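Participant: Mind looking over this structure? Questions follow.
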Amino acid sequence: EIIIIKKIDNMIKLSDFVISFLEKNKLKGIFAIPESANLHLIDSLGRNTNLSYVFTQTEQAATMSAESYAKLTGDPGVAIISSGASETSALIGVADSWVDSTPLLVLSGQSNSDLTIGKSSIRQLGIQELDIVNIVKSITKYSVMVSDPYMIKYYLEKALFLAKSGRPGPVWVDIPMDILGMNIDEKELKSFNFLEIKDTINPSLLAKRVSETISFLKNSKRPVILAGNGIKLSKVENEFFKLINLLNVPILTSRACADILSNEHPLFFGRPGSHRQRSANFIIQNSDLLISIGSRLSLPQIGKNYEAFARKAKKIVVDIDKNELSKKTVSPDISINSNAKEFIIEFLSQLKNNKLNVDFSDWINKCSSWRLRFSKEYENNKFHKKDVDAYYFIEKLANELKEGDVIIADSGSTLVFILQRFKFKPNQRLISSNGLENMCFALPASIGACIGNNLKKVICLCENASFQKYAQELETISKYKLPIKIFVLNGRRDLYMKKTQEAYFGKRFVGSDHDEKSFLPNIVKLGNAYGFPTFKINSHKEIKDGIRNVLTADGPIICEINIDKDQEIVPRMVFTIKPDGKWLAKPLEDMYPFLSRKELKENMVIDLLDEN
């Protein structure tokens, strides 16, 4: 008996199909961890000669690198990881992408499909098995485990569509090992139809809301536009520039959109928020019309005393996520459920036939006076310090950087220093962890940003604790010869935490203070262990030459900045503690160090809040 097996030309290994899918969709920011459960994917990735990839040392670094790549380029980043502990280690980058609306595709290996728990109540069946799909449901737009190999194309297409559409975010596809190794007939694969996802934007309603916005502007005397990250996510920066030039109103920026305008732009007036610029807070608090485009108006943006935010202003809020428009901390007078692109294009279209013809020059002059008054408010006696003042270092770094440079920063005090004092030049980019406020973000994220920046120079600003946590990624940077310039701001403690303990906890520096003589590690020696050229800046007179040496060096380099141990973070929002122990937040205009009530009143167009 002779059995004839007919070869089918359309047969392909499923893992090969997954990698070819990445190639066809031009997903270039690929960061992976090779482990047992995903070795089919890793092998297929290695055999594809048209895709480049980076192997990081940790899953955290893989997802944060993919996240940073996506934030810089606007295209989804890809993380390829294994099962079990590998999946849980990857969660920080996924959670950050969820909060910051960043498109991210995670592909994970899994135990064989016949050894997963399915709908049973047992905790684990297969080796390294974990029900990751249910774990990540609350921090992904879409998560699925592949049980039918002929659904793989559908799942990938749907995941990618959802990652990029509407409010972007992370998606997760979990693929068992046996399915990854299967041969499938490409012609039999089911495809996804994007029409399954309904478009919620109503064009006629949008036109009506834009018309109302123009009417509000015509009746306004003190308008302001808050530019949010949705403008960059929609890739509509050029149209935004056209719009603001036509409107000629003051522009403020959110922290995720801090880099959209250079400091020299005539309509840029700063970055408001609880730990940002006092002048910008005076502007937004005294406005009579606030148009927020693509900002979710988070509490760090509007202050914890959210009822006092822009309290005399009519508020027009544009957000792609309708849930953001109905949360208790925001009360819009006009809610516009739209992405920034559709709103701005409709706005420009209506202005052709409905000229604004309003002169806001008096208001702009007032905004300019606030900016001038508070631009050099606190010098911190920097030249009398033995060590380096962080604000002075940030100012000098900004002076030395060029147009188009990319800066990656830790959250916490490092990001505060930048948002308060850094002066952006055209086309510079700032990437950080905003919503999740990951204080250990910059070092691993700089890897993804460098790949997204076509292997050009990237500036990494991190604190010493962050540097220590992900120091193993120095091996990744060295292996791929990434020209990352690493500045480690060594304040020998968590400055953010220390200032809170100093103000409200009787100066009990629990966990934030260290004996300087025993403080480890030696960052210079640690950098040298990985083969990095490394040096220190200990005083202000060393800053200028030190920064230039770092920026002009070939390849990666580490520079430790000896930040003053008593570094202030000012201005900042503080609380009033009532006799019953309740903490009451001050409004945005009333920042520490406090102005006298007389000076505060003189700088307010609207009435002050009762201090009680």
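In the structure tokens, chains take the letters A, B, ... in the order shown, each chain's residues start at 1, and ligands count up from 1 in the order shown.
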Which parts of range 494-577 of chain A does DSSP call alpha helix (DSSP H) when run on the backbone here, written out as number ranges by chain?

Facilitator: A: 495-504, 523-529, 543-552

Participant: Those same residues, written as an mmCIF file, in the first residue's frame with N, CA, C and O atoms?

Facilitator:
```cif
data_model
loop_
_atom_site.group_PDB
_atom_site.id
_atom_site.type_symbol
_atom_site.label_atom_id
_atom_site.label_comp_id
_atom_site.auth_asym_id
_atom_site.auth_seq_id
_atom_site.Cartn_x
_atom_site.Cartn_y
_atom_site.Cartn_z
ATOM 1 N N LEU A 495 14.713 62.491 46.271
ATOM 2 C CA LEU A 495 14.433 63.895 46.577
ATOM 3 C C LEU A 495 12.943 64.159 46.730
ATOM 4 O O LEU A 495 12.509 64.914 47.604
ATOM 5 N N TYR A 496 12.145 63.553 45.856
ATOM 6 C CA TYR A 496 10.696 63.756 45.859
ATOM 7 C C TYR A 496 10.112 63.315 47.202
ATOM 8 O O TYR A 496 9.350 64.022 47.848
ATOM 9 N N MET A 497 10.513 62.112 47.613
ATOM 10 C CA MET A 497 10.016 61.553 48.870
ATOM 11 C C MET A 497 10.543 62.353 50.065
ATOM 12 O O MET A 497 9.814 62.628 51.024
ATOM 13 N N LYS A 498 11.788 62.755 50.014
ATOM 14 C CA LYS A 498 12.410 63.474 51.123
ATOM 15 C C LYS A 498 11.701 64.800 51.396
ATOM 16 O O LYS A 498 11.477 65.171 52.554
ATOM 17 N N LYS A 499 11.355 65.531 50.337
ATOM 18 C CA LYS A 499 10.713 66.829 50.532
ATOM 19 C C LYS A 499 9.315 66.681 51.144
ATOM 20 O O LYS A 499 8.868 67.532 51.905
ATOM 21 N N THR A 500 8.626 65.600 50.807
ATOM 22 C CA THR A 500 7.319 65.348 51.412
ATOM 23 C C THR A 500 7.474 65.009 52.899
ATOM 24 O O THR A 500 6.719 65.492 53.750
ATOM 25 N N GLN A 501 8.477 64.177 53.208
ATOM 26 C CA GLN A 501 8.718 63.829 54.613
ATOM 27 C C GLN A 501 9.162 65.052 55.412
ATOM 28 O O GLN A 501 8.816 65.199 56.589
ATOM 29 N N GLU A 502 9.912 65.935 54.764
ATOM 30 C CA GLU A 502 10.377 67.145 55.420
ATOM 31 C C GLU A 502 9.211 68.071 55.756
ATOM 32 O O GLU A 502 9.158 68.671 56.838
ATOM 33 N N ALA A 503 8.238 68.158 54.844
ATOM 34 C CA ALA A 503 7.127 69.094 55.023
ATOM 35 C C ALA A 503 6.035 68.563 55.947
ATOM 36 O O ALA A 503 5.431 69.336 56.706
ATOM 37 N N TYR A 504 5.777 67.255 55.914
ATOM 38 C CA TYR A 504 4.580 66.741 56.587
ATOM 39 C C TYR A 504 4.844 65.643 57.624
ATOM 40 O O TYR A 504 3.930 65.247 58.338
ATOM 41 N N ILE A 523 29.174 54.695 41.132
ATOM 42 C CA ILE A 523 28.608 54.659 39.782
ATOM 43 C C ILE A 523 29.696 54.636 38.721
ATOM 44 O O ILE A 523 29.566 53.968 37.680
ATOM 45 N N VAL A 524 30.778 55.353 38.969
ATOM 46 C CA VAL A 524 31.888 55.364 38.013
ATOM 47 C C VAL A 524 32.458 53.960 37.848
ATOM 48 O O VAL A 524 32.671 53.479 36.722
ATOM 49 N N LYS A 525 32.699 53.266 38.958
ATOM 50 C CA LYS A 525 33.250 51.912 38.878
ATOM 51 C C LYS A 525 32.258 50.948 38.228
ATOM 52 O O LYS A 525 32.644 50.042 37.485
ATOM 53 N N LEU A 526 30.962 51.123 38.540
ATOM 54 C CA LEU A 526 29.948 50.256 37.941
ATOM 55 C C LEU A 526 29.926 50.427 36.430
ATOM 56 O O LEU A 526 29.851 49.457 35.680
ATOM 57 N N GLY A 527 29.984 51.676 35.968
ATOM 58 C CA GLY A 527 30.039 51.923 34.532
ATOM 59 C C GLY A 527 31.276 51.334 33.897
ATOM 60 O O GLY A 527 31.219 50.736 32.808
ATOM 61 N N ASN A 528 32.402 51.459 34.587
ATOM 62 C CA ASN A 528 33.654 50.902 34.051
ATOM 63 C C ASN A 528 33.585 49.384 33.945
ATOM 64 O O ASN A 528 34.184 48.786 33.046
ATOM 65 N N ALA A 529 32.854 48.752 34.873
ATOM 66 C CA ALA A 529 32.727 47.292 34.841
ATOM 67 C C ALA A 529 32.060 46.815 33.554
ATOM 68 O O ALA A 529 32.311 45.700 33.091
ATOM 69 N N ILE A 543 30.361 71.931 34.907
ATOM 70 C CA ILE A 543 29.162 71.518 34.177
ATOM 71 C C ILE A 543 29.292 71.707 32.671
ATOM 72 O O ILE A 543 29.046 70.780 31.889
ATOM 73 N N LYS A 544 29.653 72.904 32.240
ATOM 74 C CA LYS A 544 29.649 73.215 30.815
ATOM 75 C C LYS A 544 30.564 72.282 30.033
ATOM 76 O O LYS A 544 30.145 71.650 29.048
ATOM 77 N N ASP A 545 31.818 72.164 30.469
ATOM 78 C CA ASP A 545 32.759 71.289 29.764
ATOM 79 C C ASP A 545 32.356 69.828 29.910
ATOM 80 O O ASP A 545 32.510 69.026 28.970
ATOM 81 N N GLY A 546 31.838 69.475 31.093
ATOM 82 C CA GLY A 546 31.427 68.087 31.313
ATOM 83 C C GLY A 546 30.319 67.666 30.370
ATOM 84 O O GLY A 546 30.364 66.578 29.780
ATOM 85 N N ILE A 547 29.297 68.518 30.216
ATOM 86 C CA ILE A 547 28.187 68.212 29.305
ATOM 87 C C ILE A 547 28.695 68.082 27.876
ATOM 88 O O ILE A 547 28.320 67.153 27.149
ATOM 89 N N ARG A 548 29.558 68.993 27.468
ATOM 90 C CA ARG A 548 30.082 68.943 26.098
ATOM 91 C C ARG A 548 30.900 67.682 25.853
ATOM 92 O O ARG A 548 30.838 67.098 24.772
ATOM 93 N N ASN A 549 31.663 67.262 26.840
ATOM 94 C CA ASN A 549 32.442 66.028 26.687
ATOM 95 C C ASN A 549 31.534 64.823 26.494
ATOM 96 O O ASN A 549 31.820 63.921 25.702
ATOM 97 N N VAL A 550 30.429 64.799 27.233
ATOM 98 C CA VAL A 550 29.487 63.693 27.112
ATOM 99 C C VAL A 550 28.828 63.700 25.731
ATOM 100 O O VAL A 550 28.741 62.668 25.053
ATOM 101 N N LEU A 551 28.358 64.853 25.299
ATOM 102 C CA LEU A 551 27.589 64.945 24.058
ATOM 103 C C LEU A 551 28.441 64.699 22.823
ATOM 104 O O LEU A 551 27.934 64.263 21.789
ATOM 105 N N THR A 552 29.727 64.986 22.907
ATOM 106 C CA THR A 552 30.596 64.817 21.730
ATOM 107 C C THR A 552 31.336 63.478 21.725
ATOM 108 O O THR A 552 31.998 63.149 20.745
#
```

Participant: What residues in range 354-458 of chain A get the DSSP label strand (DSSP E)? Please answer as an mmCIF file with N, CA, C and O atoms, in the first residue's frame.

Facilitator:
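Below is the file result.cif, written as the result:
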```cif
data_model
loop_
_atom_site.group_PDB
_atom_site.id
_atom_site.type_symbol
_atom_site.label_atom_id
_atom_site.label_comp_id
_atom_site.auth_asym_id
_atom_site.auth_seq_id
_atom_site.Cartn_x
_atom_site.Cartn_y
_atom_site.Cartn_z
ATOM 1 N N VAL A 406 16.719 64.025 21.371
ATOM 2 C CA VAL A 406 15.728 63.236 22.096
ATOM 3 C C VAL A 406 16.184 63.046 23.530
ATOM 4 O O VAL A 406 17.320 62.608 23.777
ATOM 5 N N ILE A 407 15.312 63.382 24.477
ATOM 6 C CA ILE A 407 15.618 63.282 25.904
ATOM 7 C C ILE A 407 14.682 62.270 26.539
ATOM 8 O O ILE A 407 13.459 62.351 26.378
ATOM 9 N N ILE A 408 15.243 61.307 27.274
ATOM 10 C CA ILE A 408 14.459 60.314 28.002
ATOM 11 C C ILE A 408 14.683 60.568 29.487
ATOM 12 O O ILE A 408 15.828 60.659 29.938
ATOM 13 N N ALA A 409 13.599 60.696 30.257
ATOM 14 C CA ALA A 409 13.743 61.090 31.655
ATOM 15 C C ALA A 409 12.943 60.195 32.582
ATOM 16 O O ALA A 409 11.829 59.770 32.260
ATOM 17 N N ARG A 429 12.449 66.183 21.494
ATOM 18 C CA ARG A 429 11.427 65.308 22.052
ATOM 19 C C ARG A 429 11.777 64.932 23.485
ATOM 20 O O ARG A 429 12.938 64.665 23.809
ATOM 21 N N LEU A 430 10.752 64.884 24.329
ATOM 22 C CA LEU A 430 10.890 64.432 25.708
ATOM 23 C C LEU A 430 10.008 63.212 25.900
ATOM 24 O O LEU A 430 8.792 63.269 25.679
ATOM 25 N N ILE A 431 10.611 62.098 26.319
ATOM 26 C CA ILE A 431 9.877 60.864 26.565
ATOM 27 C C ILE A 431 10.015 60.506 28.038
ATOM 28 O O ILE A 431 11.127 60.456 28.580
ATOM 29 N N SER A 432 8.877 60.253 28.699
ATOM 30 C CA SER A 432 8.915 59.870 30.106
ATOM 31 C C SER A 432 7.693 59.020 30.433
ATOM 32 O O SER A 432 6.836 58.778 29.583
ATOM 33 N N VAL A 458 20.869 59.714 21.953
ATOM 34 C CA VAL A 458 19.738 59.893 22.855
ATOM 35 C C VAL A 458 20.285 60.306 24.217
ATOM 36 O O VAL A 458 21.305 59.782 24.679
#
```

Participant: Need to verify the contact set: Leu217 in chain A, 10 Å, only C-alpha atoms, exclusion of same-chain residues closer than 6 positions in sequence. Can you return it as a short mmCIF file (atom, residue, chain, number, x, y, z; two decimals) with N, CA, C and O atoms, in the first residue's frame?

Facilitator:
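Listing of out_30.cif after writing:
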```cif
data_model
loop_
_atom_site.label_atom_id
_atom_site.label_comp_id
_atom_site.auth_asym_id
_atom_site.auth_seq_id
_atom_site.Cartn_x
_atom_site.Cartn_y
_atom_site.Cartn_z
N SER A 211 -18.48 74.89 16.15
CA SER A 211 -19.15 76.18 15.96
C SER A 211 -19.41 76.85 17.31
O SER A 211 -19.21 78.07 17.46
N PRO A 223 -8.78 83.80 26.87
CA PRO A 223 -8.77 82.38 26.49
C PRO A 223 -7.38 81.77 26.59
O PRO A 223 -6.36 82.47 26.52
N VAL A 224 -7.35 80.46 26.73
CA VAL A 224 -6.09 79.74 26.71
C VAL A 224 -6.34 78.34 26.15
O VAL A 224 -7.43 77.77 26.34
N LEU A 247 -5.66 81.64 15.64
CA LEU A 247 -6.39 82.06 16.83
C LEU A 247 -5.64 83.12 17.63
O LEU A 247 -6.25 83.99 18.26
N VAL A 249 -3.95 82.92 20.51
CA VAL A 249 -4.23 82.89 21.94
C VAL A 249 -3.08 82.19 22.65
O VAL A 249 -2.32 81.42 22.04
N ASP A 288 -10.70 82.90 31.26
CA ASP A 288 -12.17 82.83 31.26
C ASP A 288 -12.68 81.81 30.24
O ASP A 288 -13.87 81.54 30.15
N LEU A 289 -11.74 81.23 29.48
CA LEU A 289 -12.08 80.16 28.53
C LEU A 289 -10.89 79.23 28.39
O LEU A 289 -9.79 79.66 28.04
N LEU A 290 -11.11 77.97 28.69
CA LEU A 290 -10.07 76.95 28.56
C LEU A 290 -10.49 75.95 27.49
O LEU A 290 -11.55 75.33 27.60
N ILE A 291 -9.66 75.80 26.45
CA ILE A 291 -9.88 74.79 25.43
C ILE A 291 -8.79 73.74 25.58
O ILE A 291 -7.62 73.98 25.30
N LEU A 356 -12.36 84.87 13.19
CA LEU A 356 -12.46 85.16 14.62
C LEU A 356 -12.52 86.68 14.88
O LEU A 356 -13.39 87.16 15.61
N VAL A 358 -10.91 88.78 16.72
CA VAL A 358 -10.87 89.21 18.12
C VAL A 358 -9.41 89.49 18.49
O VAL A 358 -8.52 88.72 18.15
#
```

Participant: Could you give me, as a PyMOL selection string, the residues within 9 Å of range 362-365 of chain A, counting only C-alpha atoms and dropping anything in the same chain fewer than 3 positions from it?

Facilitator: chain A and resi 221-223+248-250+267+359+368-370

Participant: Measuring between only C-alpha atoms, which one of A:Val330, A:Cys460, A:Leu189, A:Ile558 shows the shortest distance to Ala308 in chain A?

Facilitator: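 Of all the options, A:Val330 lies closest to Ala308 in chain A.
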
Participant: Give me the residues near Thr253 in chain A as a compact mmCIF listing (two decimals) with all heavy atoms, in the first residue's frame, where near means some atom within 8 Å (using only C-alpha atoms) and where sequence neighbours in that chain fewer than 2 positions away do not count.

Facilitator:
```
# COMPACT_ATOMS: atom_id res chain seq x y z
N LEU A 226 -4.90 74.47 26.16
CA LEU A 226 -4.02 73.48 26.77
C LEU A 226 -3.80 72.36 25.76
O LEU A 226 -4.73 71.64 25.40
CB LEU A 226 -4.62 72.93 28.06
CG LEU A 226 -3.79 71.85 28.77
CD1 LEU A 226 -2.46 72.42 29.26
CD2 LEU A 226 -4.56 71.25 29.95
N ALA A 227 -2.56 72.23 25.29
CA ALA A 227 -2.22 71.22 24.29
C ALA A 227 -1.84 69.92 24.98
O ALA A 227 -0.92 69.88 25.79
CB ALA A 227 -1.07 71.71 23.42
N GLY A 228 -2.54 68.84 24.63
CA GLY A 228 -2.29 67.55 25.24
C GLY A 228 -1.69 66.54 24.29
O GLY A 228 -1.54 66.79 23.08
N ILE A 251 -0.81 79.56 24.53
CA ILE A 251 -0.76 78.10 24.51
C ILE A 251 0.01 77.60 25.72
O ILE A 251 1.13 78.03 25.98
CB ILE A 251 -0.09 77.57 23.23
CG1 ILE A 251 -0.72 78.20 21.98
CG2 ILE A 251 -0.19 76.04 23.18
CD1 ILE A 251 -2.19 77.95 21.80
N ARG A 255 2.26 67.78 30.45
CA ARG A 255 3.60 67.20 30.60
C ARG A 255 3.92 66.22 29.46
O ARG A 255 5.06 66.13 29.04
CB ARG A 255 3.76 66.52 31.96
CG ARG A 255 2.76 65.42 32.26
CD ARG A 255 2.98 64.84 33.65
NE ARG A 255 1.92 63.92 34.01
CZ ARG A 255 1.87 63.28 35.17
NH1 ARG A 255 2.82 63.45 36.06
NH2 ARG A 255 0.86 62.47 35.45
N CYS A 257 2.97 66.56 26.50
CA CYS A 257 3.07 67.33 25.27
C CYS A 257 3.99 68.54 25.45
O CYS A 257 3.90 69.52 24.72
CB CYS A 257 1.66 67.79 24.85
SG CYS A 257 1.49 68.28 23.13
N ALA A 258 4.88 68.44 26.43
CA ALA A 258 5.73 69.57 26.79
C ALA A 258 6.66 70.00 25.67
O ALA A 258 7.10 71.14 25.62
CB ALA A 258 6.55 69.23 28.04
N ILE A 260 6.00 70.01 22.32
CA ILE A 260 5.38 70.29 21.03
C ILE A 260 5.74 71.68 20.50
O ILE A 260 5.81 71.89 19.29
CB ILE A 260 3.84 70.13 21.11
CG1 ILE A 260 3.25 70.08 19.69
CG2 ILE A 260 3.21 71.21 21.96
CD1 ILE A 260 1.79 69.69 19.65
N GLY A 270 4.13 78.27 28.72
CA GLY A 270 4.55 77.44 29.82
C GLY A 270 3.77 76.17 30.04
O GLY A 270 2.91 75.76 29.26
N ARG A 271 4.10 75.53 31.18
CA ARG A 271 3.60 74.21 31.51
C ARG A 271 2.97 74.25 32.91
O ARG A 271 3.67 74.27 33.92
CB ARG A 271 4.75 73.20 31.45
CG ARG A 271 5.42 73.15 30.08
CD ARG A 271 6.58 72.18 30.02
NE ARG A 271 7.81 72.71 30.54
CZ ARG A 271 8.72 73.38 29.84
NH1 ARG A 271 8.51 73.64 28.55
NH2 ARG A 271 9.83 73.81 30.39
N PRO A 272 1.63 74.28 32.97
CA PRO A 272 0.95 74.36 34.27
C PRO A 272 0.86 73.00 34.94
O PRO A 272 0.96 71.95 34.31
CB PRO A 272 -0.44 74.87 33.89
CG PRO A 272 -0.67 74.29 32.52
CD PRO A 272 0.68 74.28 31.85
```

Participant: Find the residues around range 601-608 of chain A up to 10 Å (only C-alpha atoms counted), leave out those fewer than 2 positions away in its own chain, and share them as a list in words.

Facilitator: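 Result of the neighbour search: Arg222, Ser279, Phe282, Ile283, Gln285, Asn286, Ser287, Asp288, Ala310, Arg311, Lys312, Ala313, Lys366, Ser369, Trp370, Pro587, Glu589, Asp590, Leu595, Ser596, Arg597, Lys598, Glu599, Asp610 and Glu611 of chain A.
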
Participant: Residues within 8 Å of Glu59 in chain A, please, as a list in words. Count only C-alpha atoms; anything in the same chain fewer than 5 positions from it doesn't count.

Facilitator: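 That gives Ala32, Ile33, Ile81, Ser86, Glu87, Ser89 and Ala90 of chain A.
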